[in-house]
$ cat coords.txt   # compact mmCIF, N, CA and C atoms and all ligand atoms
# COMPACT_ATOMS: atom_id res chain seq x y z
N MET A 173 107.22 97.14 108.68
CA MET A 173 108.33 98.08 108.64
C MET A 173 109.60 97.38 108.20
N LEU A 174 110.34 98.02 107.33
CA LEU A 174 111.59 97.44 106.85
C LEU A 174 112.78 98.23 107.36
N THR A 175 113.83 97.54 107.69
CA THR A 175 115.09 98.19 107.98
C THR A 175 115.98 98.02 106.75
N ILE A 176 116.32 99.13 106.14
CA ILE A 176 117.14 99.13 104.93
C ILE A 176 118.61 99.18 105.36
N LYS A 177 119.40 98.27 104.79
CA LYS A 177 120.81 98.19 105.16
C LYS A 177 121.69 98.23 103.92
N CYS A 178 122.88 98.70 104.10
CA CYS A 178 123.87 98.69 103.04
C CYS A 178 124.27 97.25 102.72
N ALA A 179 124.31 96.91 101.44
CA ALA A 179 124.68 95.54 101.05
C ALA A 179 126.17 95.29 101.26
N ALA A 180 126.96 96.34 101.23
CA ALA A 180 128.41 96.17 101.33
C ALA A 180 128.86 95.97 102.77
N CYS A 181 128.36 96.81 103.69
CA CYS A 181 128.88 96.76 105.07
C CYS A 181 127.80 96.41 106.10
N LYS A 182 126.56 96.25 105.65
CA LYS A 182 125.43 95.85 106.51
C LYS A 182 125.02 96.92 107.53
N ARG A 183 125.54 98.12 107.37
CA ARG A 183 125.15 99.21 108.26
C ARG A 183 123.67 99.55 108.05
N LYS A 184 122.98 99.88 109.12
CA LYS A 184 121.58 100.29 109.00
C LYS A 184 121.51 101.69 108.40
N LEU A 185 120.64 101.87 107.43
CA LEU A 185 120.50 103.18 106.77
C LEU A 185 119.26 103.91 107.27
N TRP A 186 118.11 103.28 107.07
CA TRP A 186 116.88 103.88 107.58
C TRP A 186 115.78 102.84 107.70
N LYS A 187 114.75 103.23 108.43
CA LYS A 187 113.57 102.39 108.62
C LYS A 187 112.50 102.90 107.68
N TYR A 188 111.88 101.98 106.94
CA TYR A 188 110.98 102.39 105.87
C TYR A 188 109.65 101.66 105.97
N ASP A 189 108.58 102.42 105.83
CA ASP A 189 107.23 101.85 105.85
C ASP A 189 106.84 101.51 104.42
N LYS A 190 107.12 100.27 104.01
CA LYS A 190 106.84 99.84 102.64
C LYS A 190 105.42 99.31 102.57
N ILE A 191 104.65 99.86 101.64
CA ILE A 191 103.28 99.42 101.44
C ILE A 191 103.21 98.57 100.18
N GLY A 192 102.64 97.40 100.30
CA GLY A 192 102.43 96.53 99.16
C GLY A 192 103.62 95.62 98.90
N LYS A 193 103.41 94.70 98.00
CA LYS A 193 104.44 93.73 97.65
C LYS A 193 105.37 94.35 96.61
N GLY A 194 106.32 93.55 96.21
CA GLY A 194 107.17 93.99 95.11
C GLY A 194 108.48 94.55 95.58
N HIS A 195 109.33 94.82 94.62
CA HIS A 195 110.67 95.28 94.91
C HIS A 195 110.65 96.74 95.37
N ILE A 196 111.70 97.09 96.06
CA ILE A 196 111.85 98.48 96.47
C ILE A 196 112.65 99.20 95.39
N LEU A 197 111.95 99.96 94.58
CA LEU A 197 112.62 100.73 93.53
C LEU A 197 112.83 102.16 93.99
N ARG A 198 111.92 102.61 94.86
CA ARG A 198 111.97 103.96 95.39
C ARG A 198 111.69 103.92 96.88
N CYS A 199 112.26 104.88 97.59
CA CYS A 199 111.85 105.09 98.98
C CYS A 199 111.27 106.49 99.07
N TYR A 200 110.00 106.57 99.42
CA TYR A 200 109.36 107.88 99.59
C TYR A 200 109.75 108.45 100.95
N LYS A 201 110.22 109.68 100.93
CA LYS A 201 110.78 110.27 102.16
C LYS A 201 109.74 110.35 103.28
N GLU A 202 108.48 110.60 102.91
CA GLU A 202 107.45 110.72 103.95
C GLU A 202 107.23 109.39 104.67
N ARG A 203 107.70 108.30 104.06
CA ARG A 203 107.54 106.99 104.70
C ARG A 203 108.84 106.47 105.31
N ILE A 204 109.87 107.29 105.29
CA ILE A 204 111.09 106.95 106.04
C ILE A 204 110.84 107.37 107.48
N ILE A 205 110.70 106.36 108.33
CA ILE A 205 110.25 106.58 109.70
C ILE A 205 111.40 107.02 110.59
N LYS A 206 112.55 106.43 110.34
CA LYS A 206 113.70 106.72 111.19
C LYS A 206 114.96 106.64 110.35
N VAL A 207 115.86 107.59 110.53
CA VAL A 207 117.14 107.57 109.82
C VAL A 207 118.23 107.12 110.77
N TYR A 208 118.99 106.12 110.38
CA TYR A 208 120.15 105.70 111.18
C TYR A 208 121.39 106.44 110.69
N SER A 209 121.71 106.28 109.44
CA SER A 209 122.90 106.94 108.92
C SER A 209 122.90 106.90 107.40
N TYR A 210 123.30 107.98 106.79
CA TYR A 210 123.67 108.00 105.37
C TYR A 210 124.34 109.33 105.09
N GLU A 211 124.99 109.39 103.95
CA GLU A 211 125.65 110.62 103.55
C GLU A 211 125.03 111.11 102.26
N LYS A 212 125.01 112.43 102.09
CA LYS A 212 124.56 112.99 100.82
C LYS A 212 125.73 113.69 100.14
N GLU A 213 125.84 113.45 98.85
CA GLU A 213 126.86 114.14 98.07
C GLU A 213 126.15 114.62 96.82
N GLY A 214 125.78 115.90 96.80
CA GLY A 214 124.90 116.39 95.73
C GLY A 214 123.56 115.70 95.88
N ASN A 215 123.11 115.01 94.83
CA ASN A 215 121.84 114.28 94.94
C ASN A 215 122.08 112.79 95.16
N LYS A 216 123.33 112.43 95.39
CA LYS A 216 123.64 111.01 95.63
C LYS A 216 123.52 110.68 97.11
N ILE A 217 122.86 109.56 97.36
CA ILE A 217 122.74 109.04 98.72
C ILE A 217 123.74 107.89 98.85
N LYS A 218 124.58 108.00 99.85
CA LYS A 218 125.61 106.98 100.04
C LYS A 218 125.59 106.47 101.46
N CYS A 219 126.04 105.23 101.62
CA CYS A 219 126.32 104.72 102.95
C CYS A 219 127.58 105.39 103.48
N LEU A 220 127.77 105.34 104.78
CA LEU A 220 128.99 105.92 105.36
C LEU A 220 130.24 105.21 104.88
N CYS A 221 130.11 103.98 104.37
CA CYS A 221 131.26 103.25 103.84
C CYS A 221 131.61 103.71 102.42
N GLY A 222 130.76 104.56 101.84
CA GLY A 222 131.05 105.10 100.52
C GLY A 222 130.25 104.46 99.39
N LYS A 223 129.52 103.40 99.71
CA LYS A 223 128.73 102.69 98.70
C LYS A 223 127.52 103.54 98.27
N PRO A 224 127.36 103.79 96.98
CA PRO A 224 126.17 104.53 96.52
C PRO A 224 124.91 103.69 96.73
N ILE A 225 123.89 104.30 97.31
CA ILE A 225 122.64 103.60 97.64
C ILE A 225 121.49 104.06 96.74
N GLY A 226 121.47 105.34 96.43
CA GLY A 226 120.36 105.84 95.63
C GLY A 226 120.59 107.27 95.17
N ILE A 227 119.59 107.78 94.46
CA ILE A 227 119.63 109.15 93.96
C ILE A 227 118.43 109.90 94.54
N ASP A 228 118.70 111.02 95.15
CA ASP A 228 117.65 111.84 95.73
C ASP A 228 116.89 112.56 94.63
N LYS A 229 115.58 112.29 94.56
CA LYS A 229 114.74 112.89 93.52
C LYS A 229 113.75 113.89 94.11
N GLY A 230 114.01 114.35 95.31
CA GLY A 230 113.10 115.30 95.94
C GLY A 230 112.19 114.61 96.92
N LYS A 231 111.04 114.14 96.42
CA LYS A 231 110.09 113.48 97.32
C LYS A 231 110.42 112.02 97.56
N HIS A 232 111.25 111.47 96.70
CA HIS A 232 111.64 110.08 96.90
C HIS A 232 113.10 109.87 96.52
N ILE A 233 113.60 108.71 96.89
CA ILE A 233 114.96 108.31 96.54
C ILE A 233 114.86 107.15 95.56
N ASN A 234 115.46 107.29 94.40
CA ASN A 234 115.55 106.16 93.47
C ASN A 234 116.64 105.23 93.97
N MET A 235 116.27 104.02 94.30
CA MET A 235 117.20 103.10 94.92
C MET A 235 118.01 102.35 93.86
N ILE A 236 119.27 102.16 94.12
CA ILE A 236 120.14 101.41 93.23
C ILE A 236 120.02 99.93 93.60
N SER A 237 119.61 99.12 92.62
CA SER A 237 119.39 97.71 92.94
C SER A 237 120.69 97.04 93.35
N ARG A 238 120.57 96.13 94.27
CA ARG A 238 121.68 95.35 94.83
C ARG A 238 122.65 96.17 95.68
N SER A 239 122.35 97.44 95.90
CA SER A 239 123.22 98.23 96.78
C SER A 239 122.77 98.13 98.23
N PHE A 240 121.57 97.54 98.43
CA PHE A 240 121.02 97.48 99.78
C PHE A 240 120.31 96.15 100.00
N THR A 241 120.15 95.84 101.26
CA THR A 241 119.34 94.70 101.66
C THR A 241 118.32 95.22 102.66
N TYR A 242 117.37 94.37 103.05
CA TYR A 242 116.44 94.81 104.07
C TYR A 242 115.96 93.64 104.89
N THR A 243 115.54 93.96 106.10
CA THR A 243 114.91 92.97 106.96
C THR A 243 113.59 93.57 107.43
N GLY A 244 112.67 92.71 107.84
CA GLY A 244 111.38 93.18 108.31
C GLY A 244 110.27 92.76 107.36
N THR A 245 109.10 93.36 107.56
CA THR A 245 107.93 92.97 106.77
C THR A 245 107.33 94.18 106.07
N LYS A 246 106.76 93.90 104.89
CA LYS A 246 106.05 94.93 104.13
C LYS A 246 104.62 94.99 104.62
N ARG A 247 104.02 96.15 104.50
CA ARG A 247 102.63 96.32 104.91
C ARG A 247 101.74 96.08 103.69
N HIS A 248 100.64 95.33 103.90
CA HIS A 248 99.77 95.02 102.77
C HIS A 248 98.49 95.84 102.81
ZN ZN A 301 127.99 100.56 103.76

$ encode --input "coords.txt" --output "structure tokens"
Amino acid sequence: MLTIKCAACKRKLWKYDKIGKGHILRCYKERIIKVYSYEKEGNKIKCLCGKPIGIDKGKHINMISRSFTYTGTKRH
């Protein structure tokens, strides 16, 4: 399980069940286990500090690289 955090303010955004190796390019909503905080503005996903994190594409969020960090382990 990964905890996704804002790169700018380190606030926790959500907990994500990442399967497999590799970079996080998308977060599938069905695998977002817990939401801590984020804001939506249209289809834009932002941290509460205002930093854009991703774009809501319906079933998944396209993540903006370098806008977030994460801690935890990926599932193989
Ligand atoms: Zn932030």

$ residues_near_ligand --input "coords.txt" --ligand "ligand ZN 301 (chain A)" --cutoff "7 Å" --atoms "only N, CA and C atoms and all ligand atoms" --output "PDB file with N, CA and C atoms, in the frame of the given file"
ATOM      1  N   LYS A 177     119.400  98.270 104.790  1.00  0.00           N
ATOM      2  CA  LYS A 177     120.810  98.190 105.160  1.00  0.00           C
ATOM      3  C   LYS A 177     121.690  98.230 103.920  1.00  0.00           C
ATOM      4  N   CYS A 178     122.880  98.700 104.100  1.00  0.00           N
ATOM      5  CA  CYS A 178     123.870  98.690 103.040  1.00  0.00           C
ATOM      6  C   CYS A 178     124.270  97.250 102.720  1.00  0.00           C
ATOM      7  N   ALA A 179     124.310  96.910 101.440  1.00  0.00           N
ATOM      8  CA  ALA A 179     124.680  95.540 101.050  1.00  0.00           C
ATOM      9  C   ALA A 179     126.170  95.290 101.260  1.00  0.00           C
ATOM     10  N   ALA A 180     126.960  96.340 101.230  1.00  0.00           N
ATOM     11  CA  ALA A 180     128.410  96.170 101.330  1.00  0.00           C
ATOM     12  C   ALA A 180     128.860  95.970 102.770  1.00  0.00           C
ATOM     13  N   CYS A 181     128.360  96.810 103.690  1.00  0.00           N
ATOM     14  CA  CYS A 181     128.880  96.760 105.070  1.00  0.00           C
ATOM     15  C   CYS A 181     127.800  96.410 106.100  1.00  0.00           C
ATOM     16  N   LYS A 182     126.560  96.250 105.650  1.00  0.00           N
ATOM     17  CA  LYS A 182     125.430  95.850 106.510  1.00  0.00           C
ATOM     18  C   LYS A 182     125.020  96.920 107.530  1.00  0.00           C
ATOM     19  N   ARG A 183     125.540  98.120 107.370  1.00  0.00           N
ATOM     20  CA  ARG A 183     125.150  99.210 108.260  1.00  0.00           C
ATOM     21  C   ARG A 183     123.670  99.550 108.050  1.00  0.00           C
ATOM     22  N   LYS A 218     124.580 108.000  99.850  1.00  0.00           N
ATOM     23  CA  LYS A 218     125.610 106.980 100.040  1.00  0.00           C
ATOM     24  C   LYS A 218     125.590 106.470 101.460  1.00  0.00           C
ATOM     25  N   CYS A 219     126.040 105.230 101.620  1.00  0.00           N
ATOM     26  CA  CYS A 219     126.320 104.720 102.950  1.00  0.00           C
ATOM     27  C   CYS A 219     127.580 105.390 103.480  1.00  0.00           C
ATOM     28  N   LEU A 220     127.770 105.340 104.780  1.00  0.00           N
ATOM     29  CA  LEU A 220     128.990 105.920 105.360  1.00  0.00           C
ATOM     30  C   LEU A 220     130.240 105.210 104.880  1.00  0.00           C
ATOM     31  N   CYS A 221     130.110 103.980 104.370  1.00  0.00           N
ATOM     32  CA  CYS A 221     131.260 103.250 103.840  1.00  0.00           C
ATOM     33  C   CYS A 221     131.610 103.710 102.420  1.00  0.00           C
ATOM     34  N   GLY A 222     130.760 104.560 101.840  1.00  0.00           N
ATOM     35  CA  GLY A 222     131.050 105.100 100.520  1.00  0.00           C
ATOM     36  C   GLY A 222     130.250 104.460  99.390  1.00  0.00           C
ATOM     37  N   LYS A 223     129.520 103.400  99.710  1.00  0.00           N
ATOM     38  CA  LYS A 223     128.730 102.690  98.700  1.00  0.00           C
ATOM     39  C   LYS A 223     127.520 103.540  98.270  1.00  0.00           C
TER      40      LYS A 223
END

$ closest_residue --input "coords.txt" --among "A:Arg198, A:Lys246, A:Glu213, A:Arg203" --to "Ile233 (chain A)" --atoms "all atoms listed in the file"
A:Arg198

$ closest_residue --input "coords.txt" --among "A:Lys187, A:Met173, A:Lys193, A:Ile225" --to "Phe240 (chain A)" --atoms "all atoms listed in the file"
A:Ile225

$ atom_distance --input "coords.txt" --atom1 "atom C of Thr245 (chain A)" --atom2 "atom C of Lys190 (chain A)"
6.5 Å

$ closest_residue --input "coords.txt" --among "A:Ser237, A:Tyr242, A:His195, A:His232" --to "Ile176 (chain A)" --atoms "only N, CA and C atoms"
A:Tyr242

$ closest_residue --input "coords.txt" --among "A:Ile191, A:Thr175, A:Tyr200, A:Trp186" --to "Gly230 (chain A)" --atoms "only N, CA and C atoms"
A:Tyr200

$ closest_residue --input "coords.txt" --among "A:Ser239, A:Leu174, A:Lys212, A:Lys201" --to "Asp189 (chain A)" --atoms "only C-alpha atoms"
A:Leu174

$ residues_near_point --input "coords.txt" --point "(119.7, 105.6, 91.4)" --cutoff "8 Å" --atoms "only N, CA and C atoms" --output "CSV table (one decimal) with N, CA and C atoms, keeping the file's coordinate frame"
chain,number,residue,atom,x,y,z
A,216,LYS,N,123.3,112.4,95.4
A,216,LYS,CA,123.6,111.0,95.6
A,216,LYS,C,123.5,110.7,97.1
A,217,ILE,N,122.9,109.6,97.4
A,217,ILE,CA,122.7,109.0,98.7
A,217,ILE,C,123.7,107.9,98.8
A,224,PRO,N,127.4,103.8,97.0
A,224,PRO,CA,126.2,104.5,96.5
A,224,PRO,C,124.9,103.7,96.7
A,225,ILE,N,123.9,104.3,97.3
A,225,ILE,CA,122.6,103.6,97.6
A,225,ILE,C,121.5,104.1,96.7
A,226,GLY,N,121.5,105.3,96.4
A,226,GLY,CA,120.4,105.8,95.6
A,226,GLY,C,120.6,107.3,95.2
A,227,ILE,N,119.6,107.8,94.5
A,227,ILE,CA,119.6,109.2,94.0
A,227,ILE,C,118.4,109.9,94.5
A,228,ASP,N,118.7,111.0,95.2
A,228,ASP,CA,117.6,111.8,95.7
A,228,ASP,C,116.9,112.6,94.6
A,233,ILE,N,113.6,108.7,96.9
A,233,ILE,CA,115.0,108.3,96.5
A,233,ILE,C,114.9,107.2,95.6
A,234,ASN,N,115.5,107.3,94.4
A,234,ASN,CA,115.6,106.2,93.5
A,234,ASN,C,116.6,105.2,94.0
A,235,MET,N,116.3,104.0,94.3
A,235,MET,CA,117.2,103.1,94.9
A,235,MET,C,118.0,102.4,93.9
A,236,ILE,N,119.3,102.2,94.1
A,236,ILE,CA,120.1,101.4,93.2
A,236,ILE,C,120.0,99.9,93.6
A,237,SER,N,119.6,99.1,92.6
A,237,SER,CA,119.4,97.7,92.9
A,237,SER,C,120.7,97.0,93.4

$ atom_distance --input "coords.txt" --atom1 "CA of Tyr210 (chain A)" --atom2 "atom N of Arg247 (chain A)"
23.0 Å
